[in-house]
Amino acid sequence: MGSVNTPSGSSSTSCPALRDAWAANTLEKAEALIKANSASSTGTAGLVMHNFVGGSYVPSENHIDSVNPKTGQVFAQVPVASADQVEQALQTATQAFKTWKKTTAAARSAYLRRVAQLIQDNHELFAVWESIDQGKTLARARVEVDRAISNFNYFSTFILHQSTSARMIDNVALTYEHRSPAGVFALISPWNMPLYLLTWKIAPCLAFGCTAVAKPSEVTSMSAFLLAEVLRLAEIPAGVINIVFGDGPTTGSALVRSPLVHGVSFTGGTATGIRIRRDTADQIYKHLSLELGGKNPTLVFDDVDLDKAVETAATAAFENQGEICLCGSRVYVQSGIYDEFVSRFEKFVRDNFKCGERVGAVVSSPHYAKIRSYLELAEQEKATFVTGSIPPADPKNGLWIDPVVLTGVSTKSAVMREEIFGPVVTIAKFDTEEEAIELANDNPNGLAAVLLTKDAARIRRVGEQIEAGLVWVNCWLVRELGTPFGGMKNSGTGREGGEYSREVFTVVRTLHIPM
Ligand code: NDP
């Protein structure tokens with residue numbers, strides 16, 4: 001292995017942005033670097049990232065500005081990989097698959113552990129740049145770096161303990177299932193938890209013997225750029241994992257449509273998921289795993305400990321400024337405790353979710369405008385703003401939106417029905433269990449739900465009827481990485497995690513052996 005903490009070798013020094021960013025491994029150093037770059041701007045502001053293909057850094061001709069949402073300042077240039085560059089990356093991955101698929105599980109496990117260790121060794125570097133790039137708080141970014149490390153550690157051991165099914169046909173034959181890696185994957189991730197979600201794909205993909213071309217969101221590419229260096233330092237064979245950057249219509253679309261791709265693991269919005277399904281409809285051989293959007297309910301019954309329920313519901317609503325697909329953005333409260341709940345919820349949110357402290361900036365100007373448009377609609381529809389207000393149309397010092405708690409929103413309103421994906425929550429009333437279930441399920445999405453009750457029988461009665469892939473009871477965001485992760489209805493197709501990821505990244509054949 002090369003040096004652990006420092007990029008070394010011609011590969012990384014050929015990309016000055018990587019060298020500079022890598023050295024800026026504290027918030028102070030990163031901010032000083034951004035300041036120095038902006039002062040000496042020569043027209044292409046900031047760090048110019050490169051694609052990572054075949055173990056080398058490859059520039060692109062075109063770039064997109066990457067903006068720090070907390071300041072509005074451009075700090076980096078994200079390459080836009082052309083269709084030709086995507087194709088080259090896929091050919092590299094195709095070549096690498098020939099040998100990578102034959103490596104032993106023990107060898108792949110060792111590579112994954114090395115990657116985990118390298119991220120751990122550079123923990124603050126990743127957290128700092130993730131926070132600058134996405135707008136999330138540094139504390140939140142640190143948690144997500146921990147989770148990225150867990151992704152690699154989990155799959156590094158998971159693959160060491162595999163079993164398979166065998167069946168007997170009387171005295172005629174023995175059958176058994178044999179799995180092999182499915183091939184080259186397109187791994188596409190969104191902007192809300194960039195490193196965590198990209199590694200949730202890269203780790204199982206490599207673990208199960210596949211190779212890949214990964215593409216993060218153009219809005220938050222920085223941690224993937226740093227991850228490329230970790231993958232290089234871990235000495236993962238060239239071409240096994242390639243990272244291209246760029247926008248969805250150019251780079252992402254070329255990637256998913258290529259006939260060289262055997263599978264797509266995608267996390268993002270439902271509209272993009274539908275688009276990918278259409279774009280690959282003729283390529284029936286492609287494995288598709290689509291983790292899509294949510295509009296998740298939180299049900300609060302009148303037997304709860306109110307303070308605990310308020311804390312769980314507020315955290316589920318506003319963690320990462322509501323930019324987590326699993327956030328509970330529709331809170332339904334049983335009528336007997338409704339007034340008291342709203343009053344304590346308001347106080348808790350005002351005391352605990354302050355911009356710049358526990359609430360970060362929202363990710364981009366278009367997203368800020370989208371959230372703002374839902375708040376304008378809420379005002380037009382005469383909703384009550386229990387906390388928060390419509391933020392300025394033209395923010396000057398970063399994309400900050402104070403948490404908004406709305407009551408009096410109609411169940412038919414787009415504010416209640418559509419994913420806003422920001423610091424906005426609605427609170428409404430219900431009387432009976434049946435009504436609570438009906439309200440929870442009255443949405444085209446079905447990703448997650450939170451159920452708050454002390455009644456053990458109700459946990460099953462209600463919990464088993466909620467149309468959501470993940471139901472958290474008296475807790476939120478607790479994850480065991482073997483559990484099936486994914487949504488019902490418009491929230492996606494397929495599940496990932498443990499053996500569910502094995503389904504995505506392997507193909508199965510059954511051998512029939514006569515007696
Ligand atoms: P998008 O669907 O806009 O983008 C997701 C990724 O797909 C990005 O990398 C994007 O590139 C890329 N992309 C866009 N168009 C195409 C295309 N035609 N072909 C291939 N790739 C394409 O989602 P967001 O980034 O806005 O993320 C927010 C969404 O993600 C929310 O709906 C959220 O709920 C969902 N999400 C779901 C999760 C889950 O596990 N179910 C977890 C986290 C988020 P680019 O951005 O560069 O254009």
# chains A, B, ... in the order shown; residues from 1 in each chain; ligands from 1
>>> residues_near_ligand(ligand="ligand 1", cutoff="6 Å", atoms="only C-alpha atoms and all ligand atoms", output="JSON, numbers by chain")
{"A": [188, 189, 190, 191, 215, 216, 217, 218, 219, 246, 247, 248, 249, 252, 253, 256, 267, 268, 269, 272, 275, 276, 291, 292, 293, 294, 324, 325, 486]}
>>> select_by_dssp(residues="region 241-416 of chain A", states="alpha helix (DSSP H)", output="number ranges by chain")
A: 253-257, 270-279, 306-318, 338-352, 365-380, 414-416
>>> write_last_selection(atoms="C-alpha atoms", output="PDB file, in the first residue's frame")
ATOM      1  CA  SER A 253     -28.177   9.206 -18.669  1.00  0.00           C
ATOM      2  CA  ALA A 254     -25.225   7.995 -20.798  1.00  0.00           C
ATOM      3  CA  LEU A 255     -24.212   5.773 -17.921  1.00  0.00           C
ATOM      4  CA  VAL A 256     -27.513   4.010 -17.276  1.00  0.00           C
ATOM      5  CA  ARG A 257     -28.319   3.519 -20.963  1.00  0.00           C
ATOM      6  CA  THR A 270     -39.124   9.262  -8.167  1.00  0.00           C
ATOM      7  CA  ALA A 271     -39.271  11.148 -11.484  1.00  0.00           C
ATOM      8  CA  THR A 272     -35.647  10.229 -12.225  1.00  0.00           C
ATOM      9  CA  GLY A 273     -36.302   6.632 -11.186  1.00  0.00           C
ATOM     10  CA  ILE A 274     -39.150   6.441 -13.699  1.00  0.00           C
ATOM     11  CA  ARG A 275     -36.904   7.964 -16.345  1.00  0.00           C
ATOM     12  CA  ILE A 276     -34.203   5.354 -15.688  1.00  0.00           C
ATOM     13  CA  ARG A 277     -36.765   2.577 -15.903  1.00  0.00           C
ATOM     14  CA  ARG A 278     -37.935   3.898 -19.266  1.00  0.00           C
ATOM     15  CA  ASP A 279     -34.373   4.384 -20.512  1.00  0.00           C
ATOM     16  CA  LEU A 306     -45.260  13.618  25.291  1.00  0.00           C
ATOM     17  CA  ASP A 307     -41.775  15.030  25.708  1.00  0.00           C
ATOM     18  CA  LYS A 308     -40.153  11.950  24.218  1.00  0.00           C
ATOM     19  CA  ALA A 309     -42.661  11.901  21.363  1.00  0.00           C
ATOM     20  CA  VAL A 310     -42.035  15.567  20.607  1.00  0.00           C
ATOM     21  CA  GLU A 311     -38.288  15.004  20.517  1.00  0.00           C
ATOM     22  CA  THR A 312     -38.537  11.976  18.215  1.00  0.00           C
ATOM     23  CA  ALA A 313     -41.036  13.628  15.867  1.00  0.00           C
ATOM     24  CA  ALA A 314     -39.051  16.877  15.684  1.00  0.00           C
ATOM     25  CA  THR A 315     -35.763  15.076  15.059  1.00  0.00           C
ATOM     26  CA  ALA A 316     -37.410  12.977  12.353  1.00  0.00           C
ATOM     27  CA  ALA A 317     -38.721  16.161  10.747  1.00  0.00           C
ATOM     28  CA  PHE A 318     -35.701  18.443  10.907  1.00  0.00           C
ATOM     29  CA  TYR A 338     -53.145  17.548  19.817  1.00  0.00           C
ATOM     30  CA  ASP A 339     -53.083  21.067  21.354  1.00  0.00           C
ATOM     31  CA  GLU A 340     -50.529  20.158  23.995  1.00  0.00           C
ATOM     32  CA  PHE A 341     -48.359  18.352  21.420  1.00  0.00           C
ATOM     33  CA  VAL A 342     -48.333  21.318  19.026  1.00  0.00           C
ATOM     34  CA  SER A 343     -47.450  23.712  21.817  1.00  0.00           C
ATOM     35  CA  ARG A 344     -44.543  21.550  23.097  1.00  0.00           C
ATOM     36  CA  PHE A 345     -43.404  20.778  19.529  1.00  0.00           C
ATOM     37  CA  GLU A 346     -43.213  24.500  18.760  1.00  0.00           C
ATOM     38  CA  LYS A 347     -41.133  25.170  21.867  1.00  0.00           C
ATOM     39  CA  PHE A 348     -38.832  22.202  21.220  1.00  0.00           C
ATOM     40  CA  VAL A 349     -38.196  23.237  17.632  1.00  0.00           C
ATOM     41  CA  ARG A 350     -37.542  26.864  18.571  1.00  0.00           C
ATOM     42  CA  ASP A 351     -35.146  25.810  21.356  1.00  0.00           C
ATOM     43  CA  ASN A 352     -33.300  23.060  19.516  1.00  0.00           C
ATOM     44  CA  SER A 365     -30.554  27.757  -5.049  1.00  0.00           C
ATOM     45  CA  PRO A 366     -33.028  25.714  -7.131  1.00  0.00           C
ATOM     46  CA  HIS A 367     -33.849  23.623  -4.079  1.00  0.00           C
ATOM     47  CA  TYR A 368     -34.236  26.746  -1.926  1.00  0.00           C
ATOM     48  CA  ALA A 369     -36.649  28.156  -4.512  1.00  0.00           C
ATOM     49  CA  LYS A 370     -38.583  24.872  -4.572  1.00  0.00           C
ATOM     50  CA  ILE A 371     -39.020  24.827  -0.780  1.00  0.00           C
ATOM     51  CA  ARG A 372     -39.968  28.495  -0.858  1.00  0.00           C
ATOM     52  CA  SER A 373     -42.657  27.857  -3.479  1.00  0.00           C
ATOM     53  CA  TYR A 374     -44.341  25.285  -1.197  1.00  0.00           C
ATOM     54  CA  LEU A 375     -44.302  27.822   1.636  1.00  0.00           C
ATOM     55  CA  GLU A 376     -45.915  30.427  -0.612  1.00  0.00           C
ATOM     56  CA  LEU A 377     -48.564  27.874  -1.494  1.00  0.00           C
ATOM     57  CA  ALA A 378     -49.127  27.157   2.208  1.00  0.00           C
ATOM     58  CA  GLU A 379     -49.634  30.879   2.809  1.00  0.00           C
ATOM     59  CA  GLN A 380     -52.029  31.184  -0.136  1.00  0.00           C
ATOM     60  CA  ALA A 414     -49.553  19.690  -2.540  1.00  0.00           C
ATOM     61  CA  VAL A 415     -47.838  20.815   0.674  1.00  0.00           C
ATOM     62  CA  MET A 416     -49.220  17.694   2.366  1.00  0.00           C
TER      63      MET A 416
END
>>> residues_around(residues="Gly55 (chain A)", least_positions_apart="5", cutoff="10 Å", atoms="only C-alpha atoms", output="tab-separated table (two decimals) with C-alpha atoms, in the first residue's frame")
chain	number	residue	atom	x	y	z
A	11	SER	CA	-1.77	9.77	-10.24
A	12	SER	CA	-2.82	12.19	-7.52
A	92	THR	CA	-12.32	0.08	-18.24
A	228	ALA	CA	-11.49	8.33	-5.33
A	229	GLU	CA	-8.16	8.99	-3.66
A	231	LEU	CA	-9.84	3.90	-3.36
A	232	ARG	CA	-6.53	4.55	-5.08
A	233	LEU	CA	-4.57	4.48	-1.83
A	235	GLU	CA	-4.81	-0.16	-4.12
A	236	ILE	CA	-8.08	-1.46	-5.45
A	237	PRO	CA	-7.05	-2.67	-8.91
A	238	ALA	CA	-7.32	0.02	-11.58
A	239	GLY	CA	-10.69	0.08	-13.32
A	240	VAL	CA	-12.58	-1.88	-10.68
A	241	ILE	CA	-14.20	1.30	-9.42
A	242	ASN	CA	-14.38	4.44	-11.52
A	243	ILE	CA	-16.04	7.72	-10.59
>>> select_by_dssp(residues="region 82-188 of chain A", states="strand (DSSP E)", output="list of chain:residue names")
A:Ala166, A:Arg167, A:Met168, A:Ile169, A:Ala173, A:Leu174, A:Thr175, A:Tyr176, A:Glu177, A:His178, A:Arg179, A:Ser180, A:Pro181, A:Val184, A:Phe185, A:Ala186, A:Leu187, A:Ile188
>>> residues_around(residues="Gly263 (chain A)", least_positions_apart="3", cutoff="12 Å", atoms="only C-alpha atoms", output="VMD selection string")
chain A and resid 181 to 188 201 205 210 to 214 255 to 260 266 276 to 277 280 283 to 290 503 to 507
>>> residues_around(residues="Ala105 (chain A)", least_positions_apart="6", cutoff="12 Å", atoms="only C-alpha atoms", output="list in words")
Tyr111, Leu112, Phe155, Ser156, Thr157, Phe158, Ile159, Leu160, His161, Gln162, Ser180, Pro181, Pro204, Leu206, Ala207, Phe208, Gly209 and Cys210 of chain A
>>> closest_residue(among="A:His512, A:Arg479, A:Asp84, A:Trp129", to="Leu33 (chain A)", atoms="only C-alpha atoms")
A:Trp129
>>> residues_around(residues="Cys475 (chain A)", least_positions_apart="3", cutoff="8 Å", atoms="only C-alpha atoms", output="ChimeraX atom specification")
/A:312,450,452,472,478
>>> decode(residues="region 332-429 of chain A", atoms="C-alpha atoms", output="mmCIF file, in the first residue's frame")
data_model
loop_
_atom_site.group_PDB
_atom_site.id
_atom_site.type_symbol
_atom_site.label_atom_id
_atom_site.label_comp_id
_atom_site.auth_asym_id
_atom_site.auth_seq_id
_atom_site.Cartn_x
_atom_site.Cartn_y
_atom_site.Cartn_z
ATOM 1 C CA TYR A 332 -50.565 13.147 12.709
ATOM 2 C CA VAL A 333 -51.509 13.494 16.377
ATOM 3 C CA GLN A 334 -54.450 11.921 18.220
ATOM 4 C CA SER A 335 -56.979 14.628 19.027
ATOM 5 C CA GLY A 336 -56.882 14.340 22.864
ATOM 6 C CA ILE A 337 -53.241 15.465 23.006
ATOM 7 C CA TYR A 338 -53.145 17.548 19.817
ATOM 8 C CA ASP A 339 -53.083 21.067 21.354
ATOM 9 C CA GLU A 340 -50.529 20.158 23.995
ATOM 10 C CA PHE A 341 -48.359 18.352 21.420
ATOM 11 C CA VAL A 342 -48.333 21.318 19.026
ATOM 12 C CA SER A 343 -47.450 23.712 21.817
ATOM 13 C CA ARG A 344 -44.543 21.550 23.097
ATOM 14 C CA PHE A 345 -43.404 20.778 19.529
ATOM 15 C CA GLU A 346 -43.213 24.500 18.760
ATOM 16 C CA LYS A 347 -41.133 25.170 21.867
ATOM 17 C CA PHE A 348 -38.832 22.202 21.220
ATOM 18 C CA VAL A 349 -38.196 23.237 17.632
ATOM 19 C CA ARG A 350 -37.542 26.864 18.571
ATOM 20 C CA ASP A 351 -35.146 25.810 21.356
ATOM 21 C CA ASN A 352 -33.300 23.060 19.516
ATOM 22 C CA PHE A 353 -33.383 23.550 15.763
ATOM 23 C CA LYS A 354 -31.619 26.828 15.073
ATOM 24 C CA CYS A 355 -30.033 27.737 11.768
ATOM 25 C CA GLY A 356 -26.266 27.571 11.971
ATOM 26 C CA GLU A 357 -26.430 25.297 15.027
ATOM 27 C CA ARG A 358 -28.412 22.100 14.494
ATOM 28 C CA VAL A 359 -29.888 23.228 11.157
ATOM 29 C CA GLY A 360 -27.631 23.669 8.142
ATOM 30 C CA ALA A 361 -28.225 25.548 4.900
ATOM 31 C CA VAL A 362 -30.325 23.903 2.174
ATOM 32 C CA VAL A 363 -28.330 22.428 -0.639
ATOM 33 C CA SER A 364 -28.771 24.696 -3.677
ATOM 34 C CA SER A 365 -30.554 27.757 -5.049
ATOM 35 C CA PRO A 366 -33.028 25.714 -7.131
ATOM 36 C CA HIS A 367 -33.849 23.623 -4.079
ATOM 37 C CA TYR A 368 -34.236 26.746 -1.926
ATOM 38 C CA ALA A 369 -36.649 28.156 -4.512
ATOM 39 C CA LYS A 370 -38.583 24.872 -4.572
ATOM 40 C CA ILE A 371 -39.020 24.827 -0.780
ATOM 41 C CA ARG A 372 -39.968 28.495 -0.858
ATOM 42 C CA SER A 373 -42.657 27.857 -3.479
ATOM 43 C CA TYR A 374 -44.341 25.285 -1.197
ATOM 44 C CA LEU A 375 -44.302 27.822 1.636
ATOM 45 C CA GLU A 376 -45.915 30.427 -0.612
ATOM 46 C CA LEU A 377 -48.564 27.874 -1.494
ATOM 47 C CA ALA A 378 -49.127 27.157 2.208
ATOM 48 C CA GLU A 379 -49.634 30.879 2.809
ATOM 49 C CA GLN A 380 -52.029 31.184 -0.136
ATOM 50 C CA GLU A 381 -53.977 28.243 1.247
ATOM 51 C CA LYS A 382 -54.147 30.002 4.626
ATOM 52 C CA ALA A 383 -52.135 27.465 6.599
ATOM 53 C CA THR A 384 -50.926 28.579 10.043
ATOM 54 C CA PHE A 385 -47.161 29.060 10.376
ATOM 55 C CA VAL A 386 -46.623 27.835 13.958
ATOM 56 C CA THR A 387 -42.919 28.496 13.495
ATOM 57 C CA GLY A 388 -40.944 29.882 10.559
ATOM 58 C CA SER A 389 -41.998 31.963 7.575
ATOM 59 C CA ILE A 390 -41.381 32.348 3.859
ATOM 60 C CA PRO A 391 -37.653 33.064 3.448
ATOM 61 C CA PRO A 392 -36.448 35.920 1.185
ATOM 62 C CA ALA A 393 -36.682 35.317 -2.576
ATOM 63 C CA ASP A 394 -33.125 36.500 -3.106
ATOM 64 C CA PRO A 395 -31.002 35.388 -0.134
ATOM 65 C CA LYS A 396 -27.724 37.239 0.239
ATOM 66 C CA ASN A 397 -25.711 35.241 2.774
ATOM 67 C CA GLY A 398 -26.373 31.594 2.139
ATOM 68 C CA LEU A 399 -29.410 29.391 1.708
ATOM 69 C CA TRP A 400 -30.869 29.399 5.203
ATOM 70 C CA ILE A 401 -34.462 28.446 5.985
ATOM 71 C CA ASP A 402 -35.681 28.427 9.591
ATOM 72 C CA PRO A 403 -37.701 25.299 10.444
ATOM 73 C CA VAL A 404 -41.333 25.714 9.442
ATOM 74 C CA VAL A 405 -44.156 24.010 11.350
ATOM 75 C CA LEU A 406 -47.515 24.249 9.592
ATOM 76 C CA THR A 407 -51.008 23.432 10.811
ATOM 77 C CA GLY A 408 -54.338 23.812 9.022
ATOM 78 C CA VAL A 409 -53.056 22.256 5.766
ATOM 79 C CA SER A 410 -55.641 20.339 3.732
ATOM 80 C CA THR A 411 -54.934 16.651 3.081
ATOM 81 C CA LYS A 412 -55.412 17.480 -0.611
ATOM 82 C CA SER A 413 -52.811 20.250 -0.651
ATOM 83 C CA ALA A 414 -49.553 19.690 -2.540
ATOM 84 C CA VAL A 415 -47.838 20.815 0.674
ATOM 85 C CA MET A 416 -49.220 17.694 2.366
ATOM 86 C CA ARG A 417 -48.916 15.342 -0.608
ATOM 87 C CA GLU A 418 -45.604 16.116 -2.310
ATOM 88 C CA GLU A 419 -42.058 15.649 -1.068
ATOM 89 C CA ILE A 420 -40.669 19.077 -0.134
ATOM 90 C CA PHE A 421 -37.376 17.677 1.156
ATOM 91 C CA GLY A 422 -36.607 20.638 3.377
ATOM 92 C CA PRO A 423 -37.211 21.957 6.906
ATOM 93 C CA VAL A 424 -41.008 21.946 6.614
ATOM 94 C CA VAL A 425 -43.436 19.772 8.583
ATOM 95 C CA THR A 426 -47.236 19.693 8.731
ATOM 96 C CA ILE A 427 -49.169 18.667 11.845
ATOM 97 C CA ALA A 428 -52.754 17.400 11.657
ATOM 98 C CA LYS A 429 -55.250 15.567 13.893
#
